[in-house]
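Structure data follow from target-v4.cif (mmCIF, C-alpha atoms):
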```cif
data_structure
loop_
_atom_site.label_atom_id
_atom_site.label_comp_id
_atom_site.auth_asym_id
_atom_site.auth_seq_id
_atom_site.Cartn_x
_atom_site.Cartn_y
_atom_site.Cartn_z
CA MET A 1 3.26 81.61 -12.85
CA LYS A 2 -0.28 81.09 -14.12
CA ALA A 3 0.28 83.96 -16.54
CA VAL A 4 3.19 82.09 -18.14
CA VAL A 5 1.22 78.86 -18.50
CA ARG A 6 -1.80 80.72 -19.86
CA PHE A 7 0.34 82.53 -22.42
CA ALA A 8 1.89 79.24 -23.60
CA PHE A 9 -1.63 77.84 -23.98
CA GLN A 10 -2.54 80.74 -26.29
CA LEU A 11 0.28 79.62 -28.55
CA GLY A 12 -0.92 76.02 -28.57
CA ALA A 13 2.01 75.08 -26.35
CA LYS A 14 2.29 73.44 -22.96
CA ILE A 15 4.87 74.43 -20.41
CA VAL A 16 5.51 72.63 -17.16
CA LEU A 17 7.23 74.77 -14.56
CA ASN A 18 8.26 73.63 -11.12
CA ALA A 19 6.89 76.32 -8.81
CA ASP A 20 9.92 75.91 -6.53
CA PHE A 21 12.14 77.27 -9.28
CA VAL A 22 10.01 80.18 -10.47
CA VAL A 23 10.35 83.54 -8.75
CA ASP A 24 7.92 86.42 -9.07
CA LYS A 25 9.76 89.69 -8.47
CA ALA A 26 7.24 92.52 -8.60
CA GLY A 27 5.46 91.02 -11.59
CA ARG A 28 8.64 89.87 -13.35
CA TYR A 29 8.98 86.09 -13.58
CA PHE A 30 12.30 84.24 -13.51
CA LEU A 31 13.12 80.55 -13.83
CA LEU A 32 16.03 79.48 -11.66
CA SER A 33 18.44 76.60 -12.07
CA GLU A 34 18.99 74.33 -9.07
CA ALA A 35 22.38 75.95 -8.44
CA LEU A 36 20.93 79.46 -8.54
CA GLN A 37 18.00 78.54 -6.36
CA LYS A 38 20.44 77.61 -3.58
CA VAL A 39 22.33 80.90 -3.57
CA ALA A 40 20.17 83.69 -5.01
CA ARG A 41 19.02 86.27 -2.48
CA LYS A 42 15.66 87.98 -2.69
CA ASP A 43 17.12 91.39 -3.49
CA PHE A 44 18.37 90.38 -6.96
CA TYR A 45 17.76 92.56 -9.98
CA TYR A 46 17.80 89.72 -12.51
CA VAL A 47 18.25 85.98 -12.10
CA GLY A 48 18.30 82.82 -14.21
CA THR A 49 16.01 82.79 -17.22
CA TYR A 50 13.71 85.78 -17.53
CA LEU A 51 10.26 84.54 -18.53
CA GLY A 52 8.31 87.78 -18.84
CA LYS A 53 6.36 90.32 -16.87
CA VAL A 54 2.80 91.17 -15.97
CA LYS A 55 1.91 94.83 -16.44
CA ASN A 56 -1.59 96.22 -16.02
CA GLY A 57 -2.91 92.67 -15.90
CA LYS A 58 -1.34 91.74 -19.25
CA PHE A 59 1.51 89.26 -19.70
CA PHE A 60 4.50 90.29 -21.81
CA PRO A 61 6.66 87.25 -22.60
CA SER A 62 10.43 87.42 -22.76
CA PHE A 63 12.30 86.26 -25.83
CA ASN A 64 13.76 83.49 -23.70
CA LEU A 65 10.27 82.15 -23.07
CA LEU A 66 9.35 82.40 -26.75
CA ALA A 67 12.53 80.50 -27.70
CA MET A 68 11.71 77.82 -25.11
CA LEU A 69 8.20 77.41 -26.53
CA ALA A 70 9.53 77.33 -30.09
CA ARG A 71 11.58 74.23 -29.24
CA GLY A 72 8.40 72.24 -28.55
CA GLU A 73 4.93 71.87 -30.00
CA ALA A 74 3.35 75.28 -30.62
CA ASN A 75 1.70 77.40 -33.29
CA LYS A 76 4.50 78.51 -35.60
CA ILE A 77 5.05 80.03 -38.97
CA VAL A 78 8.38 79.92 -40.74
CA VAL A 79 9.08 82.99 -42.83
CA GLU A 80 11.55 83.64 -45.63
CA LYS A 81 14.55 85.95 -45.36
CA LYS A 82 12.97 89.27 -46.36
CA ALA A 83 9.83 88.70 -44.31
CA ALA A 84 12.04 87.78 -41.34
CA TRP A 85 13.96 91.04 -41.63
CA LEU A 86 10.78 93.10 -41.96
CA PHE A 87 9.28 91.28 -38.98
CA ILE A 88 12.18 92.18 -36.67
CA CYS A 89 11.80 95.76 -37.89
CA GLY A 90 8.31 95.64 -36.39
CA ARG A 91 6.33 94.90 -39.55
CA ASP A 92 3.51 92.41 -40.08
CA VAL A 93 3.80 89.25 -42.19
CA PHE A 94 2.31 88.87 -45.68
CA ARG A 95 1.18 85.48 -46.96
CA LYS A 96 3.89 85.49 -49.60
CA GLY A 97 6.56 85.56 -46.87
CA VAL A 98 5.31 82.41 -45.15
CA MET A 99 7.25 79.25 -46.00
CA ALA A 100 5.56 76.83 -43.59
CA VAL A 101 2.78 76.71 -41.02
CA ARG A 102 2.60 74.43 -37.99
CA GLY A 103 -0.28 74.26 -35.55
CA SER A 104 -3.23 76.61 -35.65
CA ARG A 105 -4.24 78.59 -38.74
CA LYS A 106 -7.27 80.09 -36.99
CA LYS A 107 -7.70 83.85 -37.13
CA GLY A 108 -7.33 85.41 -33.70
CA ASP A 109 -4.88 82.76 -32.46
CA HIS A 110 -1.30 83.62 -31.61
CA THR A 111 1.64 82.11 -33.43
CA LEU A 112 5.41 82.15 -33.08
CA VAL A 113 7.37 83.55 -36.00
CA LEU A 114 10.52 81.64 -36.94
CA ASN A 115 13.20 82.39 -39.52
CA GLU A 116 14.51 79.95 -42.10
CA PHE A 117 16.93 78.54 -39.49
CA GLY A 118 14.11 77.77 -37.06
CA GLU A 119 15.10 80.58 -34.69
CA CYS A 120 12.30 82.41 -32.95
CA LEU A 121 12.01 86.07 -33.93
CA GLY A 122 8.93 86.86 -31.89
CA PHE A 123 5.23 86.22 -32.08
CA GLY A 124 2.11 87.63 -33.66
CA LYS A 125 -1.63 87.29 -34.05
CA ILE A 126 -3.13 85.48 -37.01
CA ILE A 127 -5.27 88.00 -38.89
CA GLY A 128 -5.52 86.46 -42.37
CA SER A 129 -5.75 83.14 -44.10
CA LEU A 130 -2.62 81.03 -43.79
CA ASP A 131 -3.89 78.58 -46.42
CA GLU A 132 -1.69 78.15 -49.44
CA ALA A 133 -4.50 79.24 -51.72
CA ALA A 134 -4.77 82.61 -49.98
CA LYS A 135 -3.81 85.80 -51.78
CA ARG A 136 -0.03 86.32 -51.57
CA SER A 137 -0.47 89.99 -50.80
CA GLU A 138 -2.74 89.33 -47.82
CA LEU A 139 -1.51 90.35 -44.36
CA VAL A 140 -1.65 87.17 -42.33
CA VAL A 141 0.16 87.74 -39.03
CA ARG A 142 0.17 90.98 -37.07
CA ASN A 143 3.43 91.62 -35.25
CA VAL A 144 2.93 91.64 -31.48
CA SER A 145 6.53 91.37 -30.32
CA ASP A 146 9.87 90.82 -32.06
CA ILE A 147 13.57 90.71 -31.17
CA GLY A 148 14.12 94.14 -32.69
CA ASP A 149 12.73 95.24 -29.35
CA PHE A 150 16.26 94.91 -27.91
CA LEU A 151 17.27 97.85 -30.09
CA ARG A 152 14.12 99.84 -29.35
CA ARG A 153 14.78 99.47 -25.62
CA GLU A 154 18.15 101.18 -26.08
CA SER A 155 16.74 104.27 -27.75
CA MET B 1 49.53 117.38 -13.38
CA SER B 2 47.28 116.93 -16.34
CA GLY B 3 47.05 117.59 -20.05
CA LYS B 4 48.17 115.70 -23.10
CA GLU B 5 51.83 116.66 -22.81
CA PHE B 6 51.99 115.51 -19.21
CA PHE B 7 50.51 112.09 -19.92
CA VAL B 8 52.37 111.56 -23.21
CA ASP B 9 55.62 112.28 -21.38
CA ARG B 10 54.69 109.68 -18.75
CA TYR B 11 54.07 107.10 -21.47
CA ARG B 12 57.44 107.94 -23.02
CA GLN B 13 59.11 107.36 -19.66
CA LEU B 14 57.39 103.98 -19.54
CA GLY B 15 58.72 103.06 -22.97
CA TRP B 16 55.82 103.87 -25.31
CA GLU B 17 55.80 106.57 -27.93
CA PHE B 18 52.35 108.12 -28.22
CA ALA B 19 50.44 107.46 -31.43
CA ASP B 20 46.86 108.30 -32.34
CA VAL B 21 45.19 105.00 -33.06
CA GLN B 22 41.87 103.76 -34.32
CA PRO B 23 41.15 100.32 -32.87
CA ARG B 24 39.33 97.90 -35.12
CA GLN B 25 35.77 96.88 -34.43
CA ALA B 26 35.56 93.37 -33.00
CA ILE B 27 32.92 90.82 -32.19
CA ARG B 28 32.93 87.70 -30.04
CA ILE B 29 30.99 84.65 -31.07
CA ASN B 30 28.81 83.22 -28.32
CA SER B 31 29.82 79.56 -28.59
CA VAL B 32 26.83 78.12 -26.74
CA ASN B 33 24.23 79.94 -28.86
CA SER B 34 25.95 79.65 -32.23
CA LYS B 35 26.96 76.00 -32.05
CA GLY B 36 26.37 74.36 -35.43
CA LYS B 37 24.95 77.57 -36.96
CA ASN B 38 27.77 78.46 -39.36
CA LEU B 39 27.66 82.04 -38.17
CA GLU B 40 30.57 83.29 -40.26
CA GLU B 41 28.81 82.16 -43.43
CA ARG B 42 25.51 83.69 -42.34
CA LEU B 43 27.17 87.03 -41.68
CA ARG B 44 29.03 86.88 -44.99
CA ALA B 45 25.67 86.41 -46.72
CA ILE B 46 24.44 89.73 -45.32
CA GLY B 47 27.63 91.59 -46.17
CA VAL B 48 29.71 91.24 -43.00
CA THR B 49 33.22 89.91 -43.54
CA LEU B 50 35.21 88.79 -40.55
CA GLU B 51 38.85 88.16 -39.82
CA LYS B 52 39.93 85.87 -37.02
CA ILE B 53 41.76 87.65 -34.21
CA PRO B 54 44.91 85.56 -33.85
CA PHE B 55 45.13 85.82 -30.07
CA LEU B 56 41.48 84.99 -29.30
CA GLU B 57 39.59 81.75 -29.75
CA THR B 58 36.17 83.26 -30.43
CA GLY B 59 37.10 86.82 -31.38
CA TYR B 60 36.89 88.33 -34.87
CA TRP B 61 37.71 91.69 -36.37
CA VAL B 62 34.96 93.14 -38.53
CA ARG B 63 36.89 93.61 -41.77
CA SER B 64 33.98 95.21 -43.62
CA SER B 65 30.26 95.46 -43.18
CA LYS B 66 27.37 96.68 -45.28
CA VAL B 67 25.11 96.65 -42.23
CA SER B 68 25.38 97.71 -38.61
CA VAL B 69 26.74 94.66 -36.75
CA GLY B 70 24.74 95.77 -33.74
CA ALA B 71 21.43 95.43 -35.57
CA THR B 72 21.53 92.10 -37.40
CA ALA B 73 19.12 89.26 -36.62
CA GLU B 74 22.15 87.19 -35.58
CA TYR B 75 23.14 89.82 -33.02
CA LEU B 76 19.59 90.15 -31.71
CA LEU B 77 19.41 86.35 -31.42
CA GLY B 78 22.50 86.40 -29.21
CA LEU B 79 24.73 84.48 -31.60
CA TYR B 80 27.50 87.03 -31.11
CA SER B 81 28.31 90.12 -29.10
CA ILE B 82 30.18 93.28 -29.92
CA GLN B 83 33.23 93.36 -27.71
CA GLU B 84 36.51 95.17 -28.11
CA ALA B 85 39.38 92.76 -28.77
CA ALA B 86 41.53 93.49 -25.71
CA ALA B 87 38.44 93.43 -23.50
CA GLN B 88 37.90 89.82 -24.57
CA ILE B 89 41.16 88.71 -22.94
CA PRO B 90 40.45 88.75 -19.16
CA ALA B 91 37.65 86.14 -19.10
CA THR B 92 39.80 83.72 -21.12
CA LEU B 93 42.48 83.66 -18.42
CA PHE B 94 40.42 81.55 -16.02
CA SER B 95 40.99 77.82 -16.14
CA GLY B 96 37.91 75.61 -16.50
CA LEU B 97 34.84 77.60 -15.50
CA ARG B 98 32.09 75.03 -16.07
CA GLY B 99 30.05 74.32 -12.96
CA LYS B 100 31.97 76.89 -10.94
CA THR B 101 30.83 79.82 -8.81
CA VAL B 102 32.13 82.98 -10.46
CA LEU B 103 31.92 86.68 -9.61
CA ASP B 104 31.93 89.54 -12.08
CA ALA B 105 32.29 92.34 -9.57
CA CYS B 106 31.93 95.40 -11.80
CA ALA B 107 29.73 93.91 -14.49
CA ALA B 108 27.71 96.52 -16.40
CA PRO B 109 27.15 96.90 -19.28
CA GLY B 110 27.88 93.18 -19.36
CA GLY B 111 30.24 92.31 -22.23
CA LYS B 112 32.48 90.24 -19.99
CA THR B 113 29.52 88.82 -18.04
CA LEU B 114 28.15 87.37 -21.28
CA GLN B 115 31.57 86.00 -22.12
CA LEU B 116 31.92 84.38 -18.68
CA ALA B 117 28.45 82.80 -19.03
CA ASP B 118 29.47 81.44 -22.41
CA LEU B 119 32.74 80.04 -21.05
CA MET B 120 30.76 78.48 -18.19
CA GLY B 121 28.44 76.87 -20.73
CA ASN B 122 25.53 78.37 -18.78
CA THR B 123 26.38 76.07 -15.84
CA GLY B 124 27.26 76.85 -12.23
CA VAL B 125 26.52 80.28 -10.80
CA LEU B 126 27.64 83.62 -12.16
CA VAL B 127 27.13 86.53 -9.79
CA ALA B 128 27.20 89.92 -11.49
CA LEU B 129 27.33 93.18 -9.55
CA ASP B 130 27.24 96.79 -10.46
CA VAL B 131 26.97 99.76 -8.20
CA LYS B 132 25.16 101.93 -10.76
CA LYS B 133 21.62 100.62 -10.76
CA GLY B 134 20.75 102.47 -13.96
CA ARG B 135 23.26 100.30 -15.82
CA LEU B 136 21.61 97.08 -14.68
CA VAL B 137 18.89 97.53 -17.30
CA ALA B 138 21.41 97.29 -20.15
CA LEU B 139 23.07 94.32 -18.45
CA SER B 140 19.74 92.52 -18.05
CA ASN B 141 18.79 93.16 -21.68
CA HIS B 142 22.07 91.58 -22.81
CA LEU B 143 21.50 88.57 -20.55
CA GLU B 144 18.07 88.06 -22.09
CA ARG B 145 19.34 88.60 -25.64
CA CYS B 146 22.08 86.00 -25.16
CA HIS B 147 19.82 83.54 -23.32
CA VAL B 148 22.07 83.49 -20.26
CA SER B 149 20.49 81.29 -17.59
CA ASN B 150 23.15 80.92 -14.88
CA ALA B 151 23.52 84.52 -13.72
CA VAL B 152 22.18 86.49 -10.79
CA VAL B 153 22.52 90.26 -10.86
CA TYR B 154 22.59 92.56 -7.85
CA GLY B 155 22.75 96.32 -7.64
CA MET B 156 25.67 96.34 -5.24
CA ASP B 157 29.00 98.02 -4.65
CA ALA B 158 31.83 95.52 -5.21
CA ARG B 159 33.27 96.68 -1.90
CA GLN B 160 30.34 95.02 -0.15
CA VAL B 161 30.46 91.64 -1.89
CA SER B 162 31.23 89.73 1.32
CA ARG B 163 27.62 90.46 2.35
CA LEU B 164 26.59 87.77 -0.13
CA LYS B 165 28.39 85.21 2.09
CA LEU B 166 29.64 83.28 -0.92
CA LYS B 167 33.07 81.95 -1.78
CA PHE B 168 34.06 82.15 -5.41
CA ASP B 169 36.17 79.87 -7.60
CA GLY B 170 36.78 82.74 -9.98
CA ILE B 171 36.56 86.50 -9.58
CA LEU B 172 36.78 88.97 -12.42
CA LEU B 173 37.67 92.48 -11.32
CA ASP B 174 37.34 94.64 -14.37
CA VAL B 175 37.55 97.60 -12.07
CA PRO B 176 36.38 101.17 -12.64
CA CYS B 177 39.39 103.01 -14.02
CA SER B 178 40.58 106.21 -15.67
CA GLY B 179 40.15 104.66 -19.13
CA ASN B 180 42.39 105.75 -21.95
CA PHE B 181 42.45 108.28 -24.76
CA VAL B 182 41.45 105.73 -27.39
CA GLY B 183 37.99 105.07 -26.06
CA GLU B 184 37.16 108.52 -24.72
CA ARG B 185 36.98 111.80 -26.57
CA ASP B 186 38.93 114.61 -24.92
CA TRP B 187 40.42 112.15 -22.45
CA PHE B 188 43.57 114.25 -22.04
CA LYS B 189 41.50 117.32 -21.20
CA ARG B 190 39.33 115.53 -18.71
CA ARG B 191 41.79 113.46 -16.70
CA THR B 192 44.32 114.45 -14.07
CA LEU B 193 46.81 112.52 -12.00
CA ALA B 194 44.52 113.12 -9.03
CA ASP B 195 41.78 111.13 -10.85
CA VAL B 196 44.24 108.33 -11.44
CA ARG B 197 45.22 108.22 -7.78
CA ARG B 198 41.59 108.31 -6.66
CA ASN B 199 40.77 105.38 -8.95
CA ALA B 200 43.82 103.46 -7.77
CA LYS B 201 42.60 103.80 -4.18
CA LEU B 202 39.11 102.58 -5.10
CA GLN B 203 40.64 99.65 -6.99
CA ARG B 204 42.63 98.61 -3.91
CA GLU B 205 39.47 98.70 -1.81
CA ILE B 206 37.69 96.46 -4.32
CA LEU B 207 40.67 94.09 -4.46
CA THR B 208 40.80 93.85 -0.68
CA GLU B 209 37.12 92.93 -0.44
CA ALA B 210 37.31 90.47 -3.33
CA VAL B 211 40.15 88.52 -1.76
CA GLU B 212 37.93 87.90 1.28
CA CYS B 213 35.48 86.05 -0.99
CA LEU B 214 38.01 84.10 -3.04
CA ARG B 215 38.37 80.40 -2.34
CA ASP B 216 41.84 79.34 -1.26
CA ASP B 217 42.42 77.71 -4.64
CA GLY B 218 40.40 80.30 -6.57
CA GLU B 219 41.57 82.53 -9.40
CA LEU B 220 41.24 86.30 -9.57
CA VAL B 221 41.65 88.22 -12.80
CA TYR B 222 42.21 91.96 -12.53
CA SER B 223 41.88 94.23 -15.54
CA THR B 224 41.60 97.86 -16.48
CA CYS B 225 41.53 99.86 -19.69
CA SER B 226 43.83 102.41 -18.08
CA LEU B 227 47.39 103.04 -19.24
CA GLU B 228 48.41 104.49 -15.92
CA PRO B 229 50.75 102.26 -13.87
CA GLU B 230 49.24 103.42 -10.57
CA GLU B 231 46.05 101.57 -11.54
CA ASN B 232 47.92 98.59 -12.96
CA GLU B 233 51.41 97.37 -12.09
CA VAL B 234 51.68 99.45 -8.91
CA ASN B 235 48.37 98.07 -7.64
CA MET B 236 49.45 94.51 -8.46
CA ASP B 237 52.71 95.07 -6.60
CA TRP B 238 50.65 96.30 -3.65
CA ALA B 239 48.35 93.24 -3.85
CA VAL B 240 51.34 90.91 -3.72
CA LYS B 241 52.80 92.73 -0.73
CA HIS B 242 49.62 93.43 1.24
CA LEU B 243 46.92 90.92 0.27
CA GLY B 244 48.86 87.68 0.20
CA LEU B 245 48.32 87.21 -3.52
CA GLN B 246 50.73 85.87 -6.09
CA ILE B 247 50.78 86.74 -9.76
CA GLU B 248 50.34 83.82 -12.12
CA GLU B 249 52.03 83.32 -15.47
CA VAL B 250 49.64 83.88 -18.37
CA ASP B 251 49.98 83.07 -22.02
CA CYS B 252 48.18 85.90 -23.77
CA TYR B 253 48.55 88.92 -26.02
CA GLY B 254 50.39 91.94 -24.65
CA LYS B 255 53.75 93.02 -23.34
CA LYS B 256 55.21 92.10 -19.97
CA GLY B 257 54.12 94.23 -17.05
CA LEU B 258 56.47 97.06 -16.04
CA THR B 259 58.65 96.43 -13.01
CA ALA B 260 60.37 99.82 -13.02
CA VAL B 261 57.88 102.66 -12.74
CA PHE B 262 59.00 106.28 -12.45
CA GLY B 263 62.04 105.33 -10.37
CA SER B 264 60.34 102.70 -8.22
CA GLN B 265 61.25 99.03 -8.46
CA LEU B 266 58.27 96.68 -8.22
CA ASP B 267 58.13 92.99 -7.35
CA VAL B 268 59.75 91.00 -10.16
CA THR B 269 56.62 88.86 -10.60
CA VAL B 270 54.73 91.95 -11.79
CA GLU B 271 56.26 91.31 -15.20
CA ARG B 272 53.84 88.33 -15.43
CA CYS B 273 51.04 90.87 -15.95
CA ARG B 274 50.19 91.92 -19.48
CA ARG B 275 50.16 95.55 -20.62
CA ILE B 276 48.64 96.39 -23.99
CA TRP B 277 49.53 99.77 -25.44
CA PRO B 278 46.97 101.13 -27.93
CA GLY B 279 47.31 99.82 -31.46
CA GLU B 280 44.97 97.41 -33.14
CA THR B 281 43.20 97.30 -29.80
CA GLN B 282 42.55 99.90 -27.15
CA GLY B 283 44.98 100.21 -24.26
CA PHE B 284 44.51 97.50 -21.64
CA PHE B 285 46.03 95.80 -18.62
CA VAL B 286 45.38 92.35 -17.25
CA CYS B 287 46.75 90.22 -14.44
CA LYS B 288 45.86 86.80 -13.04
CA LEU B 289 46.29 86.25 -9.31
CA LYS B 290 45.88 83.48 -6.78
CA LYS B 291 46.25 83.30 -3.05
CA ALA B 292 49.90 82.75 -2.26
CA VAL B 293 50.79 79.26 -1.14
CA ASN B 294 52.38 79.34 2.29
CA THR B 295 55.55 77.27 1.94
CA GLN B 296 56.67 77.64 5.56
#
```
Just dump the structure as structure tokens.
Amino acid sequence: MKAVVRFAFQLGAKIVLNADFVVDKAGRYFLLSEALQKVARKDFYYVGTYLGKVKNGKFFPSFNLLAMLARGEANKIVVEKKAAWLFICGRDVFRKGVMAVRGSRKKGDHTLVLNEFGECLGFGKIIGSLDEAAKRSELVVRNVSDIGDFLRRES
Amino acid sequence: MSGKEFFVDRYRQLGWEFADVQPRQAIRINSVNSKGKNLEERLRAIGVTLEKIPFLETGYWVRSSKVSVGATAEYLLGLYSIQEAAAQIPATLFSGLRGKTVLDACAAPGGKTLQLADLMGNTGVLVALDVKKGRLVALSNHLERCHVSNAVVYGMDARQVSRLKLKFDGILLDVPCSGNFVGERDWFKRRTLADVRRNAKLQREILTEAVECLRDDGELVYSTCSLEPEENEVNMDWAVKHLGLQIEEVDCYGKKGLTAVFGSQLDVTVERCRRIWPGETQGFFVCKLKKAVNTQ
């Protein structure tokens, strides 16, 4: 559970999880509802809200967790339509695609990437200047994970 | 007892003249996730035009599309799912699912599981089982994509569900079946009457176990995408006579269930089932059952 909290912190977000409702199943973390907590057996394959997994000591967040964090205070950039599409195709974000910035602009920090509707498409690492005066052609956020992953998992 | 001629002749005896059909692609809007998002307009903006399916509340035909509907941001965000039109019917036959305990006994790859979760408004408990553990990965990916939070998935044979020691308000048995020629290439070459009979036996075993876990006032929906009466009307007739179930009236798309099958007369209430011959949709069969009320 620490991995989840630590990851949220990297995004400038805080998450409060009741340990009684979080299950660690071989490194995969799930958040259970009260109703599920009463009936779920230990031999489940999937339960409740998948939060992410720890593999080789590194935490890989689920898109459910990213969406949860996006609803609260966190580092976020909002990108325009074309940049949003390129992002879910696995591409990085150019300054010209960024419509708004909330939270950290510091290089090296992580930030959520939202589309024009405020929906979370994934997250990335800030690698360039997010200031408005920055060059429009500058790469500013490196794609770390995006929802296009659902398609990549199928192939 | 196999081959196209054999099966086509059976369908003729049952009152349907064989026709090669191409079912239309359909999607189902996930109500919980797409609330207030004007999804139809968003899809139109990227070149996807939809047409409401008259017999479904949240189902749409894809009239035309410039993009793959399985690769849009809206799909990946879980705002809609790709689900064949007839396959959208079974989950809608339950009455009031919010806060209930529901079983999807043969769940993978999860189209109906997602629909049940949506109809439950992500409340209550949705237990999803599938015997093929390899298929649980796809199911889990769909649950994550659609932000389902009320489901628990087990790699389990539906014939062992009583081991969970739960009683369910609703049970969906979209049982393994012989399928039909619309959804499967070379179906006529690959299927025999022996396959149909083997599936019918398995379906009865699943039904028998499911009834053990159904609350006295619970609802059970049985469905297949088979056209073969042994897996459909004949099994429902058997369930009425051997499992103490009664068939409920339903108001949905499809023709009345057959009560005369190859010379056998079935229980008259079997006509309350719905049989869908291939056309705009694939072939399908659905029936809603409850435990019979003892009037004595």
Using only C-alpha atoms, which chain A residues lie at most 9 Å away from chain B, written as a count of residues only?
33
Please measure the separation of atom CA of Ala26 of chain B and atom CA of Asp251 of chain B, giving the value in Å to one decimal.
20.8 Å
Hey, what's within 10 Å of Gly72 of chain A if we count all atoms listed in the file and toss same-chain stuff fewer than 4 positions away? As a list in words, please?
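My list of contacting residues is Ala13, Lys14, Ile15, Ala67 and Met68 of chain A.
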What is the atom CA of Val69 of chain B to atom CA of Gly111 of chain B distance in Å?
15.1 Å
Expanded to explicit residues, what is the PyMOL selection byres ((chain B and resi 112) around 9) for this file, as a PyMOL selection string?
chain B and resi 83+87-88+90-91+104+107-111+113-117+172+174
Tell me, in Å to one decimal, how far atom CA of Phe21 of chain A is from atom CA of Lys2 of chain A.
13.9 Å
List, as a count of residues only, every residue that the PyMOL selection byres ((chain B and resi 93) around 9) selects in the file provided.
12
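Residue nearest Val101 of chain A, chosen from A:Ala74, A:Glu116, A:Leu130, A:Phe123 and counting only C-alpha atoms: A:Leu130.
Put simply, the PyMOL selection byres ((chain A and resi 105) around 10) in this file takes in Asn75, Lys76, Ile77, Val101, Arg102, Gly103, Ser104, Lys106, Lys107, Gly108, Asp109, His110, Thr111, Ile126, Ile127, Gly128, Ser129, Leu130, Asp131 and Val140 of chain A.
Closest approach to Ala19 of chain A from the set A:Ser137, A:Gln37, A:Ser155, A:Asn115 is made by A:Gln37, with distances taken over all atoms listed in the file.
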